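Below: one structure, written as structure tokens.
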Amino acid sequence: MPLHTIINTMVEAGLVAAKRVKALHESSAITVDWKSDGSPVTNADYEANTIICEALGSQHPDIPIISEEHNNSHVAKELPHFMIDPIDGTHGFMHGKSEFTVNLAYIENQIPILGVVVAPDLNEAFYNTPNGEIYFGTGLAGNVNFKKVKVPVFDSHHPIKALLSRSQSYRAKEEAFLLPYGPVEIERISSSIKLAYLAAGRGDIYPRFGTMKEWDIAAGQALILASGGRITCLKYSNEIIFDRTNFEIGPFVAMAKGVPLK
């Protein structure tokens, strides 16, 4: 299946799901359940998951789908597959915050090569093409106007901009990690939108401590790799490969194109 056909399906599915999530969020028609691990899941997660899985399954029935919301889908990682996170940032979504995202990735050889990140409440959408172009679109309420992003060249003479989580848990580690970069401008943002912003040149570096799941970063990693950036495992200093049986990812640093690891 041509990759341009796959990304077209992913973009369309992501936008449809995002519009539904946005409608639910605005109507406050949100119900919450709790998973066995204590994390929340809402009816919006489930509805977005259904929209995306049905769209991908109907157009590409031979490609397996791994979804955060489908425990029985967590198989076949050595084969090309989709990986989706219907809503990243569910905690914020539940409490009326706007920085949540809908995420779709296509993975080959255990590396995300196509990604779609949509922020419904921010009216922003990002995706990459098979030839490494990044596109940004706005206006999710109507026809989204996508434009190619000109990824800027990193200028070491300017203060670096770090995009960090809103979490208080690892602030001391983040500050220590950033010390070698000199003066740093910091913006705190929730969810995978940070990775999309790095890919589009709206930030330089995102160190992440603690753990998360592969579907939390799959779409964003595809965008960053396409833009010429990288995501590096802090423990082993290597590129993150999607080969974990438990899907768990440890501390990492995401860097925009040209940003050095210090």
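In the structure tokens, each chain is lettered A, B, ... as it comes, each chain's residues begin at 1, and ligands are numbered from 1 in order of appearance.
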- Selection near A:Gly142, 12 Å with only C-alpha atoms, sequence-local residues under 4 positions removed, as a ChimeraX atom specification: /A:15-16,19,123,137-138
Atoms to include: N, CA and C atoms. Write the selected residues as a short mmCIF file (atom, residue, chain, number, x, y, z; two decimals), in the first residue's frame.
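Written file, result_15.cif:
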```cif
data_model
loop_
_atom_site.label_atom_id
_atom_site.label_comp_id
_atom_site.auth_asym_id
_atom_site.auth_seq_id
_atom_site.Cartn_x
_atom_site.Cartn_y
_atom_site.Cartn_z
N LEU A 15 -8.91 13.85 11.87
CA LEU A 15 -9.74 15.06 11.89
C LEU A 15 -11.18 14.76 12.28
N VAL A 16 -11.72 13.67 11.76
CA VAL A 16 -13.09 13.30 12.12
C VAL A 16 -13.19 12.99 13.61
N LYS A 19 -12.91 16.25 15.69
CA LYS A 19 -14.14 17.06 15.69
C LYS A 19 -15.16 16.48 16.66
N ASN A 123 -7.53 23.90 17.76
CA ASN A 123 -7.77 24.01 16.32
C ASN A 123 -6.48 23.90 15.52
N GLY A 137 -2.08 22.61 9.96
CA GLY A 137 -3.38 23.13 9.54
C GLY A 137 -4.17 23.68 10.70
N THR A 138 -5.05 24.62 10.39
CA THR A 138 -5.93 25.21 11.40
C THR A 138 -7.36 25.18 10.88
#
```
- A:Ala29 surroundings by only C-alpha atoms, 12 Å radius, close-in-sequence under 5 positions cut, as a count of residues only: 11
- Message: Need the shell around A:Val153: protein/DNA/RNA residues with any atom at most 12 Å away, counting only C-alpha atoms. Skip same-chain ones fewer than 6 positions apart. Format as a PyMOL selection string?
- Response: chain A and resi 199-204+227-229+256-259
Write the residues of the preceding selection, restricted to N, CA, C and O atoms, as a tab-separated table (two decimals), in the first residue's frame.
```tsv
chain	number	residue	atom	x	y	z
A	199	ALA	N	8.71	19.58	16.04
A	199	ALA	CA	8.86	19.23	14.63
A	199	ALA	C	8.60	20.42	13.72
A	199	ALA	O	9.19	20.54	12.65
A	200	ALA	N	7.71	21.30	14.16
A	200	ALA	CA	7.34	22.46	13.34
A	200	ALA	C	8.19	23.69	13.62
A	200	ALA	O	7.91	24.77	13.09
A	201	GLY	N	9.21	23.54	14.47
A	201	GLY	CA	10.10	24.66	14.74
A	201	GLY	C	9.61	25.64	15.77
A	201	GLY	O	10.11	26.76	15.86
A	202	ARG	N	8.67	25.22	16.61
A	202	ARG	CA	8.12	26.11	17.64
A	202	ARG	C	8.74	25.83	19.00
A	202	ARG	O	8.22	26.26	20.03
A	203	GLY	N	9.81	25.12	19.02
A	203	GLY	CA	10.56	24.82	20.23
A	203	GLY	C	11.81	24.08	19.83
A	203	GLY	O	11.96	23.64	18.67
A	204	ASP	N	12.74	23.91	20.79
A	204	ASP	CA	14.02	23.29	20.47
A	204	ASP	C	14.24	21.95	21.17
A	204	ASP	O	14.83	21.04	20.58
A	227	SER	N	11.12	15.76	10.41
A	227	SER	CA	11.61	17.14	10.36
A	227	SER	C	13.12	17.23	10.48
A	227	SER	O	13.69	18.32	10.39
A	228	GLY	N	13.78	16.09	10.73
A	228	GLY	CA	15.23	16.09	10.89
A	228	GLY	C	15.69	16.09	12.33
A	228	GLY	O	16.89	16.12	12.61
A	229	GLY	N	14.73	16.06	13.28
A	229	GLY	CA	15.07	16.00	14.69
A	229	GLY	C	15.21	14.56	15.15
A	229	GLY	O	15.24	13.63	14.33
A	256	ALA	N	14.72	19.18	18.35
A	256	ALA	CA	14.43	19.67	17.01
A	256	ALA	C	15.68	19.56	16.14
A	256	ALA	O	16.79	19.33	16.63
A	257	LYS	N	15.49	19.75	14.86
A	257	LYS	CA	16.58	19.64	13.90
A	257	LYS	C	17.75	20.56	14.28
A	257	LYS	O	17.59	21.74	14.49
A	258	GLY	N	18.95	19.95	14.37
A	258	GLY	CA	20.15	20.72	14.62
A	258	GLY	C	20.49	20.98	16.06
A	258	GLY	O	21.56	21.50	16.37
A	259	VAL	N	19.60	20.60	16.99
A	259	VAL	CA	19.86	20.85	18.40
A	259	VAL	C	20.79	19.77	18.94
A	259	VAL	O	20.51	18.57	18.78
```
- Task: For A:Tyr236, please output as a PyMOL selection string all residues within 12 Å (counting only C-alpha atoms; exclusion window: fewer than 3 positions along the same chain).
- Result: chain A and resi 231-233+239-241+250-253
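Computed from the coordinates, the atom CA of A:Met255 to atom CA of A:Ile224 distance equals 7.9 Å.
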- So how many Å separate atom CA of A:His81 and atom CA of A:Ile65, to one decimal?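 These atoms are spaced 5.7 Å apart.
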- List the neighbours of A:His91 out to 12 Å using only C-alpha atoms; skip same-chain residues closer than 4 positions along the sequence, and give me the result as an NGL selection string. :A and (32-34 or 38-42 or 45 or 87 or 95-101 or 166-167 or 190-191)
- Per DSSP on the backbone, what are the alpha helix (DSSP H) residues of stretch 188-250 of chain A, as number ranges by chain? A: 193-199, 214-227
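Checking A:Phe209, A:Phe146, A:Tyr181, A:Trp215 one by one against A:Val102, counting only C-alpha atoms, you find the shortest gap at A:Trp215.
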- Taking into account only C-alpha atoms, which residue in the set A:Leu140, A:Asp37, A:Glu174, A:Lys161 is nearest to A:Ile186? A:Lys161
- Item | All strand (DSSP E or B) positions in stretch 20-197 of chain A, as a ChimeraX atom specification | /A:32-34,40-42,65-67,70,81-88,101-108,111-119,124-128,134-138,145-148,160-164,184-188
- Query: Near A:Glu248, within 9 Å and counting only C-alpha atoms, which residues show up once chain neighbours fewer than 5 positions away are dropped, as an NGL selection string?
  - Reply: :A and (211-214)
